[in-house]
Structures are given as structure tokens and as C-alpha cells.
Number of protein chains: 2
Amino acid sequence: MIASAMTDATLAQRLLDGDRRALARAITLVEDDRPEGWELVREVYPHTGKAAVYGFTGPPGVGKSTLIGALTKARREAGRSVGVLSIDPSSPFTHGALLGDRIRLTEHFLDQGVFIRSMANRGALGGLSEAALQAALLLDAAGREDVFVETVGVGQAEIDIIDHADTIVLVLMPGSGDSIQALKAGIMEIPDIIVINKADHPLTDTMVREIRGVLSLANVNGDSERGRTLKGIPRGHIPRGHAAVGWRVPIVKTEATHGKGIAELVQRLDEHRAHILAEGALQERRGRNLRNEVLAIATARMRRRLEDELREDADFKRLLHEVVERRLDPASAATALLEQRR
Amino acid sequence: MIASAMTDATLAQRLLDGDRRALARAITLVEDDRPEGWELVREVYPHTGKAAVYGFTGPPGVGKSTLIGALTKARREAGRSVGVLSIDPSSPFTHGALLGDRIRLTEHFLDQGVFIRSMANRGALGGLSEAALQAALLLDAAGREDVFVETVGVGQAEIDIIDHADTIVLVLMPGSGDSIQALKAGIMEIPDIIVINKADHPLTDTMVREIRGVLSLANVNGDSERGRTLKGIPRGHIPRGHAAVGWRVPIVKTEATHGKGIAELVQRLDEHRAHILAEGALQERRGRNLRNEVLAIATARMRRRLEDELREDADFKRLLHEVVERRLDPASAATALLEQRR
């Protein structure tokens, strides 16, 4: 009874005071899609917007989590508090970061100034993005000054949460040929900063040149906003032009396991932040992201509601049978479905 | 007046007779989201389900279109009619297939037995998948015996249409490190057939061994359905277990530009088809795909309706302002939004 006597009101207050246990519990509540979780976010939301949110995306295996580990160390040395949110199922964070050469991540688990949380596939139907966005807000409300979000992305559809970062970092390594091709083809969006990790590889400089070529092409087009959005493939209803006007995307070479290049990356992150603050781009970006977030949550709920309603629906089963028997086409079935639930 | 006097009824009949101009016009109608297009699909739908639909996915630059060109040649030599649908913005098909070494694709443009169509980003909000699915049905109704669908995919989120193929082929090349990592990490689904194109590369065999390792791991897990679906990342509400039980995913090495390996690929495609027919898996797969298609169309329409309604909505603008000013959290705004439109 004593543990459960921690009411939501005190939970909110403890969260705002930066209490780690309250933060952990709060994230679990949103992860489990519990009403108290949503209520909590509602309550602490006025205290958000202070954290600097950095999104790290890239193919599995490039070393995103080691990189975030190194950055966390740098931020801690500068006296800042850090939150890490990992939504990459292949990330060592997700697996407890206790294996093999990942041991160096564990030092942060003991540091009160660092809060690390991984989120896996909870709920269905966009539920993870939704929960992850709420979790990022909770970290922000709990006073984490820097929030690092890690997601996996090998192409056009990394998880939406990455869009809600203030600064987007694409991490690649020598051998990331597919990602380079996707950048070249305009299928992958150009981020704010590109990191080539594992740069102690003979092909690193070739890769840097290749990426420079892609970036210069994007610039030659003269239309930096368009150059940065997805060409030819629909991925969501709102075009996502990431980078601020006048920002030149830097390529940073790192060897995260040895801390090499981390100082430069920190500098670039700070420069990007200063740039978007000076240009008013941060407010604009956040405004656009919040709009997308409201729509994403609304859409996810509509889909979930539809799915829930149809799970045991006899009419829907009959409708599908007609489709399978080629008597009713899928689009007409969808029309019938939507009309039924008007 | 004479051209527009071609009523939808005669268009449907001409389409069913295999008329190429009727087919081209019909696809344009669905691509433009015209009601006549949807009506046409409704009308011809009972005549669909006969085509063998093959989906080709993979990163840009691996040679998917050259491969499809070579397969088209083989199918034509066997006397079969072919339809090609390209939804890859980086594909030479999309650009008219007239440039440089792509000239060999053009021979098919002159062959009445081959119908090639590329689709770009029309409409927003899932509109392309929706239109592409309808286009595939139109090709089927028009009597194309083999339909090759080409999409770009470098990770977990190739365009949904690929799910609606009977056989899914992942095309890679030496240097596709990111895709291999994504397969390894369980982030990319295992397809029915894997092709390594541009196999005249010293690292091809290393790559084949690496993929074999991934595949054997997926088998060792003992749960072939689960091994084939996406782990840990939500990508849609219905789990997509692709491959049929008892099917061993073959790895085929090709050099599409020289026609090398094409005979073997043709054989593997035929074997896969025979396998899913024998096991009843084709019917099962198609039933599941049709269900997904109905839900995808319904969801896309709900989203589009929401977007349309909100574009100039003053209440929504006020709601967003509250969110931006941190007075109302995004989830509560979404709740308010959905309640408004009940």
C-alpha cells in the first residue's frame, strides 16, 4: 500500500524535481499506454521545451550507441544532465548494455546525472512512436538538459520520433553503401550532421568525398528545403524539410570506441544549436513538429480504434470474404467499412 | 468529343481485352485519384487474381530494373505477357529508361507483350501505395500473366505494395552492408528469394556466406514465421510473415547486364510459385494481403479526410497555438481534435 500510495500528483512533482525513480515509473506508464501516464504528461507539459533534443539515426551496427555513450561522457564533464532514449531494437542499450565491449556504457548507469531508457515494441499501430514522444517530454520535464534519442534507420522510414529532435544526426560507417545510394537517389533525407563512425578504415575518405558530392548536388539545386525532403516517395502527409536555411551539413569522422572525433562532434552539435536558435529555426521546427505530433497521435488512435472494432466484427469478416472471392474490390470494401462506422 | 466518347463501360471492356491504351488510361485515372478510376477497378475486379505478381525490392543502385528487364526478356521468350510497375523514384524505368546503358530496357517498350509503367509521388498520405495497388489489379485484369513490381527499400519500410506480391525478391549487391546489417538485426524482413546482383565482384562470395549465416540463424530459431517478421519495431498493425512454411530462401547470384544468372532466377521464381501453390500458401497470403489492403485504404482515407478538414480549420490552429505555447500537451490536443469530429 505504501508504494501505491504515491499518487499521480506526487509523482508529477517528484518527476519535476528530477527524481529518477519517478521518471522511470512515468515512462513505464506511457509505455504501457496507461491513462495515468497520459495524465502525467498533460500535467508536466508546461514545464517542457527546455531540453536540447538530439536524434541519432543510421543503419544497425554503425555504433550509434557507443557514440552516444561518448557524447554523454563529454556532456557530463561539462556538468550537464543527460537523458538517453533508445528505440533501436538492435542497440546495446536495449539489451542492457552489459555485454562484451559494451561494458563502457555501464559507467553511465551508475551516474545519477545520466538516465538511460530503451523502449521496445509496445502496443501496436504506431504505439511506440507515440509512447517515445511522450517519454522524450517526460525526460525534458524531469530537467534533463540534453536528450539523446537513438533510432535505427536504413532508409526513408526511420521511426517518426527522429523528426521531433532539434538536431538530427545521421551515423554511417565505411560500408554504408546502401545509405549513400539512398542519399544520392534523394530517397533518404539529408540530416543536420553526418557522422562517419569507425573512421579507422581505408575507405573512409572515399566515403567522405562521396557524401560531399551528394551534399553539393543538394546545394547546387539551390532549393535547400526541397533538397532536404524526400523526393518521389510519400512518407507522411506533411513534407519534412529538416535543415535550417544557411546551414552547411558538416561531415564528422569519429572512432567512438576511442573517443576520437567526439570533441569535434560536440562542437558541431553546439554550432547547429546556436544556428537554429539565431535564425529562429528552432521555434519554427518545434512548431511544425508539434503539429505533426498532434496529427500522428490522432491518426494512430483512429487506426487503433478501427482495428479494435474490426477484430471480431462479423460484418467485416463477410466483407473480406467477398473481397477474397473477387466479388467486391478492396477500395469498395474500404468505402463500405467507413460508411458503416459513420 | 470522339476521344472522350470512350465511356467507362467501353474502357473496362477494352481493358479486359488487353488493349494497351485502355490500360494506360485506366492507370492514369487511378493515379490521379479520379472516381472513374476506382469505378473501373470495381468493375474489372472479378477478372483479377490470375496474374503472378513478383515484388522486387532493395536499395537504389543495385540494378533492380536491369534485372526486371532481363526477366521480362526471359518471360517473353516463354510466350508470356508481362506488366512492369515501377514505384522506385530512382529507377531508370521512372525516367523513361532511355539513358546510357539503360538502352537495353527500351526494346521492351516496343514489344506489345510488355507494358511498363512507372508511378511517382501522386497525392499525399499513402496515396501512392493505394494507387499502385489498384494499378497492379488493372494489369492483372488486362491479362498480364506476369507482373513485376519494383520498389525501393533499404530497410524496414519499403512501400507497402511489396507485401501484395505473391513472391518477394530482395535485390542486393556487394557493398549492401547496411541491408545485411538490417537483416542480421532482424529489422529487415527476410524475403522469399535473395538476389546478389553485380556478382562479378571479389566480395560476392563473402556476402553470400554472410547472408547464409543470417538465414541459418533465422532457421535455427525454429520459428520460421516469427523469424521472417519484423522484430521490435512497429511498422503496421498486422504482423507480416512473408514466407511459406518449408520454403528455404535461395540466394541467387546474377549479373543482370550480361544476362548471367537469369535462368537460375527464373527457375527459383517458378519453384517458389509451385511451392506456395502446392502448400495452399498463395491463397492464404492473398487473403491476408487483401485484408491489409482494405485496412490500408480505409486508414489512408481517414487520414486524408482529417488532413483536408484541418487545412483551414481555425479551431485546429487555436489548438496548435496552445500546444506551441506549452499550455496544452499534444495528446490532449489529439483527444480534443478527435472529439470535435465525432
# chains A, B, ... in the order shown; residues from 1 in each chain; ligands from 1
call {"tool": "residues_around", "arguments": {"residues": "segment 21-23 of chain B", "least_positions_apart": "2", "cutoff": "9 Å", "atoms": "only C-alpha atoms", "output": "PDB file with C-alpha atoms, in the first residue's frame"}}
result
ATOM      1  CA  LEU B  11     -12.882   1.371 -71.327  1.00  0.00           C
ATOM      2  CA  ALA B  12     -13.465  -1.558 -68.978  1.00  0.00           C
ATOM      3  CA  GLN B  13     -14.159  -3.875 -71.915  1.00  0.00           C
ATOM      4  CA  ARG B  14     -11.109  -2.715 -73.832  1.00  0.00           C
ATOM      5  CA  LEU B  15      -9.011  -3.137 -70.704  1.00  0.00           C
ATOM      6  CA  LEU B  16     -10.243  -6.701 -70.252  1.00  0.00           C
ATOM      7  CA  GLY B  18      -5.839  -6.344 -73.114  1.00  0.00           C
ATOM      8  CA  ASP B  19      -5.819  -3.043 -75.009  1.00  0.00           C
ATOM      9  CA  ARG B  25      -5.578   5.451 -69.455  1.00  0.00           C
ATOM     10  CA  ALA B  26      -7.001   3.340 -66.635  1.00  0.00           C
ATOM     11  CA  ILE B  27      -3.790   3.565 -64.614  1.00  0.00           C
ATOM     12  CA  THR B  28      -3.692   7.326 -65.106  1.00  0.00           C
ATOM     13  CA  PHE B 115       3.587  -2.994 -70.595  1.00  0.00           C
ATOM     14  CA  LEU B 138      -5.575  -3.287 -63.587  1.00  0.00           C
ATOM     15  CA  LEU B 139      -2.517  -5.030 -65.068  1.00  0.00           C
ATOM     16  CA  ALA B 142      -5.773  -6.696 -68.586  1.00  0.00           C
TER      17      ALA B 142
END
call {"tool": "residues_around", "arguments": {"residues": "Ala78 of chain A", "least_positions_apart": "4", "cutoff": "12 Å", "atoms": "only C-alpha atoms", "output": "PyMOL selection string"}}
result
chain A and resi 71-74+82+113+145-146+263+266
call {"tool": "closest_residue", "arguments": {"among": "A:Leu310, A:Ala141, A:Val195, A:Ile87", "to": "Met119 of chain A", "atoms": "only C-alpha atoms"}}
result
A:Ile87
call {"tool": "residues_around", "arguments": {"residues": "Lys184 of chain A", "least_positions_apart": "5", "cutoff": "10 Å", "atoms": "only C-alpha atoms", "output": "ChimeraX atom specification"}}
result
/A:178-179,189-190,210-211,213-215,217-218 /B:60-61,90
call {"tool": "select_by_dssp", "arguments": {"residues": "segment 179-339 of chain B", "states": "strand (DSSP E or B)", "output": "list of chain:residue names"}}
result
B:Ile193, B:Ile194, B:Val195, B:Ile196, B:Ile251, B:Val252, B:Lys253, B:Glu255, B:Lys260
call {"tool": "write_last_selection", "arguments": {"atoms": "C-alpha atoms", "output": "PDB file, in the first residue's frame"}}
result
ATOM      1  CA  ILE B 193      14.361 -15.023 -52.671  1.00  0.00           C
ATOM      2  CA  ILE B 194      17.568 -13.016 -52.306  1.00  0.00           C
ATOM      3  CA  VAL B 195      19.474 -11.907 -55.400  1.00  0.00           C
ATOM      4  CA  ILE B 196      23.036 -10.641 -55.307  1.00  0.00           C
ATOM      5  CA  ILE B 251      20.429 -16.841 -52.767  1.00  0.00           C
ATOM      6  CA  VAL B 252      20.895 -16.268 -56.494  1.00  0.00           C
ATOM      7  CA  LYS B 253      23.975 -14.570 -57.935  1.00  0.00           C
ATOM      8  CA  GLU B 255      24.966 -10.130 -63.462  1.00  0.00           C
ATOM      9  CA  LYS B 260      24.107 -14.096 -66.146  1.00  0.00           C
TER      10      LYS B 260
END
call {"tool": "closest_residue", "arguments": {"among": "A:Leu269, A:Ala165, A:Met207, A:Ala52", "to": "Gly177 of chain A", "atoms": "only C-alpha atoms"}}
result
A:Met207
call {"tool": "closest_residue", "arguments": {"among": "B:Phe56, B:Phe93, B:Trp247, B:Phe316", "to": "Ala333 of chain B", "atoms": "only C-alpha atoms"}}
result
B:Phe316
call {"tool": "atom_distance", "arguments": {"atom1": "atom CA of Ile116 of chain A", "atom2": "atom CA of His275 of chain A"}}
result
27.8 Å
call {"tool": "closest_residue", "arguments": {"among": "A:Gly143, A:His164, A:Arg212, A:Gly69", "to": "Leu183 of chain A", "atoms": "only C-alpha atoms"}}
result
A:Arg212
call {"tool": "closest_residue", "arguments": {"among": "B:Ala120, B:Glu130, B:Pro89, B:Arg34", "to": "Thr299 of chain B", "atoms": "only C-alpha atoms"}}
result
B:Glu130
call {"tool": "closest_residue", "arguments": {"among": "A:Thr10, A:Thr48, A:Ser118, A:Ser65", "to": "chain B", "atoms": "only C-alpha atoms"}}
result
A:Thr48
call {"tool": "atom_distance", "arguments": {"atom1": "atom CA of Ile162 of chain B", "atom2": "atom CA of Leu85 of chain B"}}
result
11.1 Å
